[in-house]
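Q: My structure file structure.cif, mmCIF, C-alpha atoms, is below:
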data_upload
#
loop_
_atom_site.label_atom_id
_atom_site.label_comp_id
_atom_site.auth_asym_id
_atom_site.auth_seq_id
_atom_site.Cartn_x
_atom_site.Cartn_y
_atom_site.Cartn_z
CA ALA Z 10 10.09 4.68 -75.17
CA ALA Z 11 7.53 2.22 -73.85
CA THR Z 12 3.94 2.85 -74.83
CA ALA Z 13 0.61 1.31 -73.92
CA PRO Z 14 -0.57 -1.57 -76.13
CA CYS Z 15 -2.91 -0.69 -78.98
CA THR Z 16 -6.56 -1.62 -78.39
CA THR Z 17 -7.74 -1.08 -81.97
CA ALA Z 18 -9.47 -4.12 -83.48
CA ALA Z 19 -8.02 -3.68 -86.96
CA PRO Z 20 -5.04 -4.84 -89.00
CA LEU Z 21 -1.87 -2.87 -88.43
CA ALA Z 22 -2.04 -1.29 -91.89
CA SER Z 23 -5.53 0.04 -91.04
CA CYS Z 24 -4.65 1.27 -87.55
CA VAL Z 25 -4.10 5.01 -87.78
CA THR Z 26 -2.56 5.26 -84.31
CA CYS Z 27 0.01 2.53 -84.86
CA MET Z 28 0.89 3.61 -88.38
CA PHE Z 29 1.45 7.18 -87.20
CA GLY Z 30 3.65 5.71 -84.49
CA ALA Z 31 5.57 3.69 -87.04
CA ALA Z 32 6.02 6.74 -89.27
CA ALA Z 33 7.26 8.78 -86.32
CA ARG Z 34 9.77 6.12 -85.28
CA LEU Z 35 11.06 5.70 -88.83
CA SER Z 36 11.38 9.45 -89.35
CA VAL Z 37 13.50 9.66 -86.20
CA VAL Z 38 15.72 6.86 -87.49
CA HIS Z 39 16.01 8.57 -90.87
CA SER Z 40 17.04 11.85 -89.21
CA HIS Z 41 20.20 10.23 -87.82
CA ARG Z 42 22.15 10.78 -91.01
CA LEU Z 43 25.49 10.07 -89.32
CA LEU Z 44 24.49 6.43 -88.82
CA SER Z 45 25.62 3.94 -91.42
CA HIS Z 46 23.04 2.68 -93.90
CA ARG Z 47 23.20 -0.81 -92.35
CA THR Z 48 22.53 0.62 -88.89
CA GLN Z 49 19.59 2.65 -90.17
CA VAL Z 50 18.07 -0.44 -91.83
CA SER Z 51 18.49 -2.41 -88.63
CA LEU Z 52 16.87 0.30 -86.53
CA ARG Z 53 13.94 0.54 -88.93
CA ALA Z 54 13.36 -3.19 -88.66
CA VAL Z 55 13.45 -3.04 -84.87
CA SER Z 56 11.02 -0.11 -84.86
CA LEU Z 57 8.55 -1.94 -87.07
CA ARG Z 58 8.76 -5.06 -84.88
CA ILE Z 59 8.01 -2.94 -81.81
CA ILE Z 60 4.95 -1.45 -83.50
CA GLN Z 61 3.74 -4.87 -84.67
CA GLN Z 62 4.17 -6.40 -81.22
CA GLN Z 63 2.43 -3.47 -79.56
CA HIS Z 64 -0.48 -3.76 -81.99
CA ARG Z 65 -0.82 -7.56 -81.84
CA SER Z 66 -0.54 -7.74 -78.06
CA ILE Z 67 -4.16 -6.68 -77.80
CA VAL Z 68 -5.65 -7.24 -81.23
CA GLY Z 69 -4.90 -10.96 -81.38
CA THR Z 70 -6.11 -13.22 -84.17
CA PRO Z 71 -7.94 -12.17 -87.33
CA GLN Z 72 -11.00 -14.03 -86.02
CA ALA Z 73 -10.98 -11.97 -82.82
CA MET Z 74 -10.53 -8.82 -84.85
CA ALA Z 75 -13.50 -9.65 -87.07
CA SER Z 76 -15.76 -10.36 -84.10
CA SER Z 77 -14.96 -7.01 -82.48
CA ALA Z 78 -14.96 -4.86 -85.63
CA PRO Z 79 -17.26 -1.81 -85.45
CA PRO Z 80 -20.66 -2.03 -87.13
CA THR Z 81 -21.54 -0.04 -90.23
CA PRO Z 82 -23.04 3.20 -88.87
CA ALA Z 83 -26.76 3.68 -89.49
CA ALA Z 84 -27.98 6.75 -91.34
CA ALA Z 85 -27.93 9.81 -89.11
CA GLU Z 86 -31.12 11.71 -88.31
CA HIS Z 87 -30.90 14.78 -90.52
CA ARG Z 88 -32.40 18.26 -90.53
CA THR Z 89 -31.58 21.15 -92.83
CA GLY Z 90 -31.03 24.66 -91.47
CA ASP Z 91 -30.63 28.02 -93.16
CA THR Z 92 -29.53 28.61 -96.73
CA PHE Z 93 -27.78 31.87 -97.57
CA ARG Z 94 -25.44 33.34 -100.13
CA VAL Z 95 -22.06 35.01 -100.05
CA LYS Z 96 -19.94 36.22 -102.97
CA GLY Z 97 -20.00 33.41 -105.56
CA LEU Z 98 -21.32 30.69 -103.20
CA GLU Z 99 -24.53 29.29 -101.79
CA LEU Z 100 -24.24 27.86 -98.27
CA THR Z 101 -26.65 25.45 -96.59
CA ASP Z 102 -26.45 24.35 -92.96
CA HIS Z 103 -27.09 20.70 -92.02
CA PHE Z 104 -27.43 19.09 -88.62
CA PHE Z 105 -27.04 15.35 -88.01
CA LYS Z 106 -27.90 13.41 -84.85
CA VAL Z 107 -25.38 10.59 -84.36
CA PRO Z 108 -24.58 8.21 -81.49
CA LEU Z 109 -22.06 9.39 -78.93
CA ASN Z 110 -20.69 5.86 -79.07
CA HIS Z 111 -21.11 4.15 -82.44
CA TRP Z 112 -20.02 0.87 -80.84
CA ALA Z 113 -22.32 0.85 -77.80
CA THR Z 114 -24.12 -2.47 -77.27
CA ALA Z 115 -26.59 -3.53 -74.61
CA GLY Z 116 -25.21 -5.71 -71.84
CA SER Z 117 -21.57 -4.76 -72.48
CA THR Z 118 -19.14 -2.32 -70.91
CA THR Z 119 -20.30 0.24 -73.50
CA ALA Z 120 -23.96 0.01 -72.45
CA ALA Z 121 -23.71 3.21 -70.38
CA THR Z 122 -23.55 5.29 -73.58
CA GLU Z 123 -26.08 3.26 -75.58
CA GLY Z 124 -28.76 5.54 -76.99
CA GLU Z 125 -26.91 8.76 -76.12
CA THR Z 126 -26.58 11.08 -79.10
CA ILE Z 127 -24.71 14.21 -80.09
CA GLU Z 128 -25.17 16.66 -82.95
CA VAL Z 129 -22.76 17.12 -85.84
CA PHE Z 130 -22.83 20.26 -87.97
CA VAL Z 131 -22.01 20.38 -91.67
CA ARG Z 132 -22.09 23.38 -94.01
CA GLU Z 133 -22.73 22.55 -97.67
CA VAL Z 134 -21.03 24.83 -100.18
CA VAL Z 135 -21.94 25.05 -103.86
CA SER Z 136 -21.00 27.49 -106.59
CA LEU Z 137 -23.74 30.05 -107.31
CA ASP Z 138 -23.81 29.05 -110.95
CA LYS Z 139 -24.64 25.47 -109.90
CA ALA Z 140 -27.06 26.28 -107.10
CA ASP Z 141 -30.28 25.44 -108.93
CA ALA Z 142 -31.76 22.04 -108.14
CA ALA Z 143 -31.01 20.39 -111.50
CA LYS Z 144 -27.33 21.34 -111.59
CA ARG Z 145 -26.86 20.64 -107.89
CA ALA Z 146 -28.27 17.13 -108.25
CA ASP Z 147 -25.57 16.25 -110.79
CA LEU Z 148 -22.75 17.12 -108.39
CA PRO Z 149 -21.23 14.46 -106.10
CA TYR Z 150 -20.44 15.31 -102.49
CA LEU Z 151 -16.90 16.11 -101.36
CA LEU Z 152 -16.36 15.93 -97.60
CA PHE Z 153 -13.69 18.27 -96.25
CA MET Z 154 -12.18 17.29 -92.91
CA GLN Z 155 -10.45 20.17 -91.15
CA GLY Z 156 -6.94 19.47 -89.91
CA GLY Z 157 -5.65 20.20 -86.45
CA PRO Z 158 -7.11 18.06 -85.03
CA GLY Z 159 -9.61 19.78 -82.80
CA PHE Z 160 -10.77 22.64 -85.00
CA GLU Z 161 -14.05 23.36 -86.72
CA ALA Z 162 -14.19 23.75 -90.49
CA GLY Z 163 -13.57 27.11 -92.11
CA ARG Z 164 -16.38 29.58 -92.79
CA PRO Z 165 -15.95 30.85 -96.35
CA VAL Z 166 -17.32 34.35 -96.96
CA GLU Z 167 -16.55 34.37 -100.68
CA THR Z 168 -15.37 32.02 -103.40
CA GLY Z 169 -11.67 31.64 -104.10
CA GLY Z 170 -8.73 29.29 -103.65
CA TRP Z 171 -9.47 25.58 -103.28
CA ILE Z 172 -13.16 26.25 -102.59
CA SER Z 173 -13.53 27.84 -106.01
CA ALA Z 174 -11.86 24.87 -107.71
CA ALA Z 175 -13.74 22.24 -105.68
CA THR Z 176 -17.19 23.73 -106.21
CA GLU Z 177 -16.73 23.51 -109.96
CA LYS Z 178 -17.26 19.74 -109.69
CA PHE Z 179 -18.55 19.02 -106.17
CA ARG Z 180 -20.98 19.93 -103.43
CA VAL Z 181 -18.44 20.57 -100.71
CA LEU Z 182 -19.36 19.55 -97.16
CA LEU Z 183 -17.45 21.41 -94.44
CA LEU Z 184 -17.60 19.20 -91.36
CA ASP Z 185 -17.32 20.53 -87.82
CA GLN Z 186 -15.84 17.37 -86.32
CA ARG Z 187 -17.56 16.18 -83.17
CA GLY Z 188 -16.45 18.24 -80.21
CA THR Z 189 -15.79 21.40 -82.27
CA GLY Z 190 -17.56 24.41 -83.74
CA ARG Z 191 -21.34 24.11 -84.00
CA SER Z 192 -21.25 20.37 -83.39
CA THR Z 193 -21.68 19.16 -79.80
CA ARG Z 194 -18.64 20.77 -78.24
CA VAL Z 195 -16.07 19.50 -75.79
CA SER Z 196 -14.65 21.97 -73.30
CA THR Z 197 -13.18 21.83 -69.83
CA ALA Z 198 -16.50 22.94 -68.37
CA SER Z 199 -18.55 20.35 -70.29
CA VAL Z 200 -16.25 17.50 -69.25
CA LEU Z 201 -16.26 18.55 -65.59
CA ARG Z 202 -20.04 18.84 -65.59
CA ARG Z 203 -20.41 15.37 -67.06
CA ALA Z 204 -18.31 13.52 -64.50
CA PRO Z 205 -17.30 15.81 -61.60
CA GLY Z 206 -14.47 14.37 -59.55
CA ASP Z 207 -14.11 11.25 -61.74
CA PRO Z 208 -11.06 11.54 -64.03
CA ALA Z 209 -11.53 7.99 -65.35
CA ALA Z 210 -15.10 8.73 -66.47
CA GLN Z 211 -13.98 12.02 -68.01
CA ALA Z 212 -11.27 10.23 -69.98
CA ALA Z 213 -13.77 7.60 -71.12
CA TYR Z 214 -16.07 10.35 -72.39
CA LEU Z 215 -13.26 12.10 -74.27
CA ALA Z 216 -12.38 8.78 -75.92
CA HIS Z 217 -15.59 9.15 -77.96
CA PHE Z 218 -14.12 12.16 -79.77
CA ARG Z 219 -11.22 10.42 -81.51
CA ALA Z 220 -10.65 9.90 -85.23
CA ASP Z 221 -12.46 6.54 -85.35
CA SER Z 222 -15.69 8.17 -84.16
CA ILE Z 223 -15.25 11.08 -86.59
CA VAL Z 224 -14.96 8.60 -89.47
CA ALA Z 225 -18.07 6.77 -88.22
CA ASP Z 226 -19.90 10.12 -88.17
CA ALA Z 227 -18.90 10.70 -91.79
CA GLU Z 228 -20.29 7.29 -92.77
CA ALA Z 229 -23.56 8.01 -90.94
CA ILE Z 230 -23.81 11.36 -92.74
CA ARG Z 231 -23.14 9.69 -96.08
CA ALA Z 232 -25.92 7.19 -95.44
CA ALA Z 233 -28.29 10.02 -94.48
CA LEU Z 234 -27.56 12.05 -97.61
CA LEU Z 235 -27.39 9.22 -100.13
CA GLY Z 236 -29.84 6.74 -98.66
CA GLY Z 237 -29.25 3.03 -98.18
CA GLY Z 238 -26.06 1.79 -96.57
CA GLY Z 239 -23.86 4.75 -97.41
CA GLY Z 240 -22.14 3.34 -100.51
CA GLU Z 241 -20.41 5.21 -103.27
CA GLU Z 242 -23.78 5.81 -104.92
CA GLY Z 243 -27.32 5.80 -103.66
CA GLY Z 244 -30.79 7.20 -103.93
CA GLY Z 245 -31.39 10.71 -102.69
CA GLY Z 246 -31.56 11.47 -99.00
CA ASP Z 247 -33.51 14.19 -97.16
CA SER Z 248 -33.47 17.12 -99.53
CA GLY Z 249 -34.61 19.73 -97.01
CA SER Z 250 -34.55 23.40 -97.86
CA GLY Z 251 -31.73 24.51 -100.09
CA GLY Z 252 -31.09 21.00 -101.39
CA GLY Z 253 -29.75 18.90 -98.53
CA GLY Z 254 -29.44 15.60 -100.39
CA GLY Z 255 -30.07 13.71 -103.58
CA GLY Z 256 -26.68 14.12 -105.28
CA GLY Z 257 -26.39 10.34 -105.37
CA LYS Z 258 -22.57 10.21 -105.23
CA TRP Z 259 -19.92 10.76 -102.58
#
When written as structure tokens, how does the structure in this file appear?
A:
Amino acid sequence: AATAPCTTAAPLASCVTCMFGAAARLSVVHSHRLLSHRTQVSLRAVSLRIIQQQHRSIVGTPQAMASSAPPTPAAAEHRTGDTFRVKGLELTDHFFKVPLNHWATAGSTTAATEGETIEVFVREVVSLDKADAAKRADLPYLLFMQGGPGFEAGRPVETGGWISAATEKFRVLLLDQRGTGRSTRVSTASVLRRAPGDPAAQAAYLAHFRADSIVADAEAIRAALLGGGGGEEGGGGDSGSGGGGGGGKW
């Protein structure tokens, strides 16, 4: 089936949308077990060429891709909320102010969203036996991204399962992806209020809640917690109440 050209300024191997498309096409080919092996190989090759052509039709040259690549997100503005305990765990709430559009630039078609921000909520989870400041500081962060997509992170009420195993070695961050949970939410009502009677503007707004923006949020949160440019290691960020930052590793 024909699809719209990809507008992602990234190599094919880094383009989540196109690679998911390629995987879907290839899985369909693989499911036709009655086809000969030669026919399956031929169909796979055709599918990959379609994906490559679709991707390159907009992306263009490596030079063009480099010039339009997204910037490294700046550290998010960070405040720490409540800290409380449940069975075997200490939980700390964090709130981060991030751009609605990480790629907005003055004087461009994205200028309308320049300076507009949303809030992203993260709940930090540590084991009770590692909740004191010294032990907590030795633990690297582990960011958990809820599947779905479109769902907030879980709300653990006791230790157990993967949370129990993860908190043995990490400070787990449960991210409410933008548009969900206690982050700035997207709903039918909020979209209609933003651009009543303008479907194109509503679609443009919703485009800021895709996976690329969620990843940019994660990078901005990393920079806020670790300090500096958000690398694998860094100096401590805003510690806040309950130990919001300073682990130094991600």
Q: Looking at Z:Phe130, Z:Phe160, Z:Trp171, Z:Trp112, which one is nearest to Z:Thr81, with distances taken over all atoms listed in the file?
A: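 Under the stated criterion, the closest residue is Z:Trp112.
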Q: Report as a ChimeraX atom specification the residues that result from applying the PyMOL selection byres ((chain Z and resi 139-148) around 6) to the structure here.
A: /Z:136-138,149,179-180,256
Q: Report, in Å to a single decimal, how far apart atom CA of Z:Lys96 and atom CA of Z:Arg187 are.
A: 28.3 Å
Q: Taking into account only C-alpha atoms, which residue in the set Z:Val131, Z:Ala174, Z:Ala84, Z:Leu152 is nearest to Z:His111?
A: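 Between Z:Val131, Z:Ala174, Z:Ala84, Z:Leu152, the residue approaching Z:His111 most closely is Z:Ala84.
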Q: Report the distance between atom CA of Z:Ala233 and atom CA of Z:Asp185 in Å, rounded to one decimal place.
A: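 Rounded to one decimal, the two atoms are 16.6 Å apart.
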Q: Report the distance between atom CA of Z:Leu182 and atom CA of Z:Glu228 in Å, rounded to one decimal place.
A: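 Result for atom CA of Z:Leu182 versus atom CA of Z:Glu228: 13.1 Å, one decimal.
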Q: Given the file above and the PyMOL selection byres ((chain Z and resi 181) around 8), which residues are selected, and can you give them as a PyMOL selection string?
A: chain Z and resi 133-135+150-153+172+175-176+179-180+182-183
Q: (-22.3, 6.3, -75.5) in this file's frame - what residues fall within 6 Å of it? Use only C-alpha atoms and give the answer as a PDB file with C-alpha atoms, keeping the file's coordinate frame.
A:
ATOM      1  CA  LEU Z 109     -22.060   9.390 -78.930  1.00  0.00           C
ATOM      2  CA  ASN Z 110     -20.690   5.860 -79.070  1.00  0.00           C
ATOM      3  CA  ALA Z 113     -22.320   0.850 -77.800  1.00  0.00           C
ATOM      4  CA  THR Z 122     -23.550   5.290 -73.580  1.00  0.00           C
ATOM      5  CA  GLU Z 123     -26.080   3.260 -75.580  1.00  0.00           C
ATOM      6  CA  GLU Z 125     -26.910   8.760 -76.120  1.00  0.00           C
TER       7      GLU Z 125
END
Q: Up to 8 Å from (-30.4, 11.7, -84.8) in the file's coordinates: name the residues, counting only C-alpha atoms, as an mmCIF file with C-alpha atoms, in the frame of the given file.
A:
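Produced file part_38.cif, reproduced below:
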data_model
loop_
_atom_site.group_PDB
_atom_site.id
_atom_site.type_symbol
_atom_site.label_atom_id
_atom_site.label_comp_id
_atom_site.auth_asym_id
_atom_site.auth_seq_id
_atom_site.Cartn_x
_atom_site.Cartn_y
_atom_site.Cartn_z
ATOM 1 C CA ALA Z 85 -27.930 9.810 -89.110
ATOM 2 C CA GLU Z 86 -31.120 11.710 -88.310
ATOM 3 C CA HIS Z 87 -30.900 14.780 -90.520
ATOM 4 C CA PHE Z 105 -27.040 15.350 -88.010
ATOM 5 C CA LYS Z 106 -27.900 13.410 -84.850
ATOM 6 C CA VAL Z 107 -25.380 10.590 -84.360
ATOM 7 C CA PRO Z 108 -24.580 8.210 -81.490
ATOM 8 C CA THR Z 126 -26.580 11.080 -79.100
ATOM 9 C CA ILE Z 127 -24.710 14.210 -80.090
ATOM 10 C CA GLU Z 128 -25.170 16.660 -82.950
#
Q: Fewer than 2 positions away in the same chain doesn't count, so skip those; otherwise give me all residues within 8 Å of Z:Arg191, counting only C-alpha atoms, as a PyMOL selection string.
A: chain Z and resi 129-130+161+185+189+193-194
Q: Z:Ala220, Z:Ala229, Z:Ala204, Z:Leu235: which is nearest Z:Ala83, counting all atoms listed in the file?
A: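 Between Z:Ala220, Z:Ala229, Z:Ala204, Z:Leu235, the residue approaching Z:Ala83 most closely is Z:Ala229.
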Q: Go through Z:Ser199, Z:Lys178, Z:Asp207, Z:Leu100 and flag the residue nearest Z:Trp259, using all atoms listed in the file for the distances.
A: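 Of all the options, Z:Lys178 lies closest to Z:Trp259.
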Q: Between Z:Ala213, Z:Ile230, Z:Met154, Z:Val195, single out the one closest to Z:Phe104, counting all atoms listed in the file.
A: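 Among the listed residues, Z:Ile230 lies closest to Z:Phe104.
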Q: When distances are computed from only C-alpha atoms, which of Z:Arg164, Z:Arg88, Z:Glu99, Z:Gln186 shows the smallest separation from Z:Phe218?
A: Z:Gln186
Q: As a PDB file, in the frame of the given file, could you write out stretch 100-111 of chain Z once it has been completed with all heavy atoms?
A:
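File result11.pdb, as written:
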ATOM      1  N   LEU Z 100     -24.576  28.646 -99.450  1.00  0.00           N
ATOM      2  CA  LEU Z 100     -24.240  27.860 -98.270  1.00  0.00           C
ATOM      3  C   LEU Z 100     -25.512  27.341 -97.621  1.00  0.00           C
ATOM      4  O   LEU Z 100     -26.480  28.084 -97.452  1.00  0.00           O
ATOM      5  CB  LEU Z 100     -23.460  28.719 -97.258  1.00  0.00           C
ATOM      6  CG  LEU Z 100     -22.290  29.541 -97.813  1.00  0.00           C
ATOM      7  CD1 LEU Z 100     -21.691  30.417 -96.727  1.00  0.00           C
ATOM      8  CD2 LEU Z 100     -21.231  28.625 -98.417  1.00  0.00           C
ATOM      9  N   THR Z 101     -25.506  26.059 -97.260  1.00  0.00           N
ATOM     10  CA  THR Z 101     -26.650  25.450 -96.590  1.00  0.00           C
ATOM     11  C   THR Z 101     -26.163  24.722 -95.346  1.00  0.00           C
ATOM     12  O   THR Z 101     -25.211  23.935 -95.409  1.00  0.00           O
ATOM     13  CB  THR Z 101     -27.374  24.448 -97.515  1.00  0.00           C
ATOM     14  OG1 THR Z 101     -27.776  25.113 -98.710  1.00  0.00           O
ATOM     15  CG2 THR Z 101     -28.593  23.853 -96.825  1.00  0.00           C
ATOM     16  N   ASP Z 102     -26.824  24.978 -94.222  1.00  0.00           N
ATOM     17  CA  ASP Z 102     -26.450  24.350 -92.960  1.00  0.00           C
ATOM     18  C   ASP Z 102     -27.206  23.037 -92.770  1.00  0.00           C
ATOM     19  O   ASP Z 102     -28.420  22.962 -93.023  1.00  0.00           O
ATOM     20  CB  ASP Z 102     -26.743  25.280 -91.785  1.00  0.00           C
ATOM     21  CG  ASP Z 102     -25.841  26.505 -91.768  1.00  0.00           C
ATOM     22  OD1 ASP Z 102     -24.816  26.489 -92.479  1.00  0.00           O
ATOM     23  OD2 ASP Z 102     -26.160  27.469 -91.041  1.00  0.00           O
ATOM     24  N   HIS Z 103     -26.494  22.013 -92.300  1.00  0.00           N
ATOM     25  CA  HIS Z 103     -27.090  20.700 -92.020  1.00  0.00           C
ATOM     26  C   HIS Z 103     -26.718  20.279 -90.602  1.00  0.00           C
ATOM     27  O   HIS Z 103     -25.604  20.547 -90.120  1.00  0.00           O
ATOM     28  CB  HIS Z 103     -26.557  19.645 -93.000  1.00  0.00           C
ATOM     29  CG  HIS Z 103     -26.871  19.927 -94.432  1.00  0.00           C
ATOM     30  ND1 HIS Z 103     -28.031  19.494 -95.045  1.00  0.00           N
ATOM     31  CD2 HIS Z 103     -26.176  20.610 -95.386  1.00  0.00           C
ATOM     32  CE1 HIS Z 103     -28.034  19.885 -96.322  1.00  0.00           C
ATOM     33  NE2 HIS Z 103     -26.919  20.566 -96.550  1.00  0.00           N
ATOM     34  N   PHE Z 104     -27.647  19.586 -89.973  1.00  0.00           N
ATOM     35  CA  PHE Z 104     -27.430  19.090 -88.620  1.00  0.00           C
ATOM     36  C   PHE Z 104     -27.771  17.603 -88.598  1.00  0.00           C
ATOM     37  O   PHE Z 104     -28.837  17.195 -89.068  1.00  0.00           O
ATOM     38  CB  PHE Z 104     -28.291  19.850 -87.617  1.00  0.00           C
ATOM     39  CG  PHE Z 104     -28.028  21.326 -87.604  1.00  0.00           C
ATOM     40  CD1 PHE Z 104     -28.688  22.163 -88.495  1.00  0.00           C
ATOM     41  CD2 PHE Z 104     -27.119  21.883 -86.715  1.00  0.00           C
ATOM     42  CE1 PHE Z 104     -28.442  23.532 -88.506  1.00  0.00           C
ATOM     43  CE2 PHE Z 104     -26.867  23.244 -86.720  1.00  0.00           C
ATOM     44  CZ  PHE Z 104     -27.532  24.075 -87.610  1.00  0.00           C
ATOM     45  N   PHE Z 105     -26.871  16.805 -88.044  1.00  0.00           N
ATOM     46  CA  PHE Z 105     -27.040  15.350 -88.010  1.00  0.00           C
ATOM     47  C   PHE Z 105     -26.955  14.862 -86.574  1.00  0.00           C
ATOM     48  O   PHE Z 105     -26.037  15.229 -85.839  1.00  0.00           O
ATOM     49  CB  PHE Z 105     -25.968  14.663 -88.854  1.00  0.00           C
ATOM     50  CG  PHE Z 105     -25.993  15.045 -90.300  1.00  0.00           C
ATOM     51  CD1 PHE Z 105     -25.278  16.148 -90.762  1.00  0.00           C
ATOM     52  CD2 PHE Z 105     -26.727  14.315 -91.218  1.00  0.00           C
ATOM     53  CE1 PHE Z 105     -25.290  16.508 -92.096  1.00  0.00           C
ATOM     54  CE2 PHE Z 105     -26.756  14.667 -92.556  1.00  0.00           C
ATOM     55  CZ  PHE Z 105     -26.040  15.761 -92.994  1.00  0.00           C
ATOM     56  N   LYS Z 106     -27.922  14.033 -86.177  1.00  0.00           N
ATOM     57  CA  LYS Z 106     -27.900  13.410 -84.850  1.00  0.00           C
ATOM     58  C   LYS Z 106     -27.245  12.047 -84.991  1.00  0.00           C
ATOM     59  O   LYS Z 106     -27.713  11.185 -85.741  1.00  0.00           O
ATOM     60  CB  LYS Z 106     -29.305  13.269 -84.284  1.00  0.00           C
ATOM     61  CG  LYS Z 106     -29.338  12.735 -82.852  1.00  0.00           C
ATOM     62  CD  LYS Z 106     -30.761  12.559 -82.349  1.00  0.00           C
ATOM     63  CE  LYS Z 106     -31.428  13.915 -82.146  1.00  0.00           C
ATOM     64  NZ  LYS Z 106     -32.783  13.736 -81.524  1.00  0.00           N
ATOM     65  N   VAL Z 107     -26.138  11.843 -84.274  1.00  0.00           N
ATOM     66  CA  VAL Z 107     -25.380  10.590 -84.360  1.00  0.00           C
ATOM     67  C   VAL Z 107     -25.152  10.049 -82.954  1.00  0.00           C
ATOM     68  O   VAL Z 107     -25.224  10.789 -81.969  1.00  0.00           O
ATOM     69  CB  VAL Z 107     -24.017  10.808 -85.062  1.00  0.00           C
ATOM     70  CG1 VAL Z 107     -24.211  11.308 -86.489  1.00  0.00           C
ATOM     71  CG2 VAL Z 107     -23.153  11.779 -84.263  1.00  0.00           C
ATOM     72  N   PRO Z 108     -24.852   8.758 -82.828  1.00  0.00           N
ATOM     73  CA  PRO Z 108     -24.580   8.210 -81.490  1.00  0.00           C
ATOM     74  C   PRO Z 108     -23.303   8.792 -80.906  1.00  0.00           C
ATOM     75  O   PRO Z 108     -22.329   9.018 -81.623  1.00  0.00           O
ATOM     76  CB  PRO Z 108     -24.408   6.703 -81.757  1.00  0.00           C
ATOM     77  CG  PRO Z 108     -25.029   6.456 -83.093  1.00  0.00           C
ATOM     78  CD  PRO Z 108     -24.839   7.715 -83.875  1.00  0.00           C
ATOM     79  N   LEU Z 109     -23.319   9.044 -79.599  1.00  0.00           N
ATOM     80  CA  LEU Z 109     -22.060   9.390 -78.930  1.00  0.00           C
ATOM     81  C   LEU Z 109     -21.063   8.270 -79.108  1.00  0.00           C
ATOM     82  O   LEU Z 109     -19.889   8.498 -79.413  1.00  0.00           O
ATOM     83  CB  LEU Z 109     -22.310   9.645 -77.436  1.00  0.00           C
ATOM     84  CG  LEU Z 109     -21.051   9.796 -76.577  1.00  0.00           C
ATOM     85  CD1 LEU Z 109     -20.280  11.056 -76.953  1.00  0.00           C
ATOM     86  CD2 LEU Z 109     -21.395   9.804 -75.091  1.00  0.00           C
ATOM     87  N   ASN Z 110     -21.538   7.047 -78.936  1.00  0.00           N
ATOM     88  CA  ASN Z 110     -20.690   5.860 -79.070  1.00  0.00           C
ATOM     89  C   ASN Z 110     -21.266   4.974 -80.166  1.00  0.00           C
ATOM     90  O   ASN Z 110     -22.298   4.324 -79.965  1.00  0.00           O
ATOM     91  CB  ASN Z 110     -20.623   5.119 -77.736  1.00  0.00           C
ATOM     92  CG  ASN Z 110     -19.697   3.917 -77.782  1.00  0.00           C
ATOM     93  OD1 ASN Z 110     -19.134   3.574 -78.825  1.00  0.00           O
ATOM     94  ND2 ASN Z 110     -19.529   3.261 -76.660  1.00  0.00           N
ATOM     95  N   HIS Z 111     -20.622   4.964 -81.325  1.00  0.00           N
ATOM     96  CA  HIS Z 111     -21.110   4.150 -82.440  1.00  0.00           C
ATOM     97  C   HIS Z 111     -21.014   2.657 -82.151  1.00  0.00           C
ATOM     98  O   HIS Z 111     -21.604   1.850 -82.853  1.00  0.00           O
ATOM     99  CB  HIS Z 111     -20.307   4.465 -83.714  1.00  0.00           C
ATOM    100  CG  HIS Z 111     -20.641   5.783 -84.330  1.00  0.00           C
ATOM    101  ND1 HIS Z 111     -21.723   5.969 -85.163  1.00  0.00           N
ATOM    102  CD2 HIS Z 111     -20.036   7.000 -84.221  1.00  0.00           C
ATOM    103  CE1 HIS Z 111     -21.761   7.221 -85.567  1.00  0.00           C
ATOM    104  NE2 HIS Z 111     -20.751   7.877 -85.008  1.00  0.00           N
TER     105      HIS Z 111
END
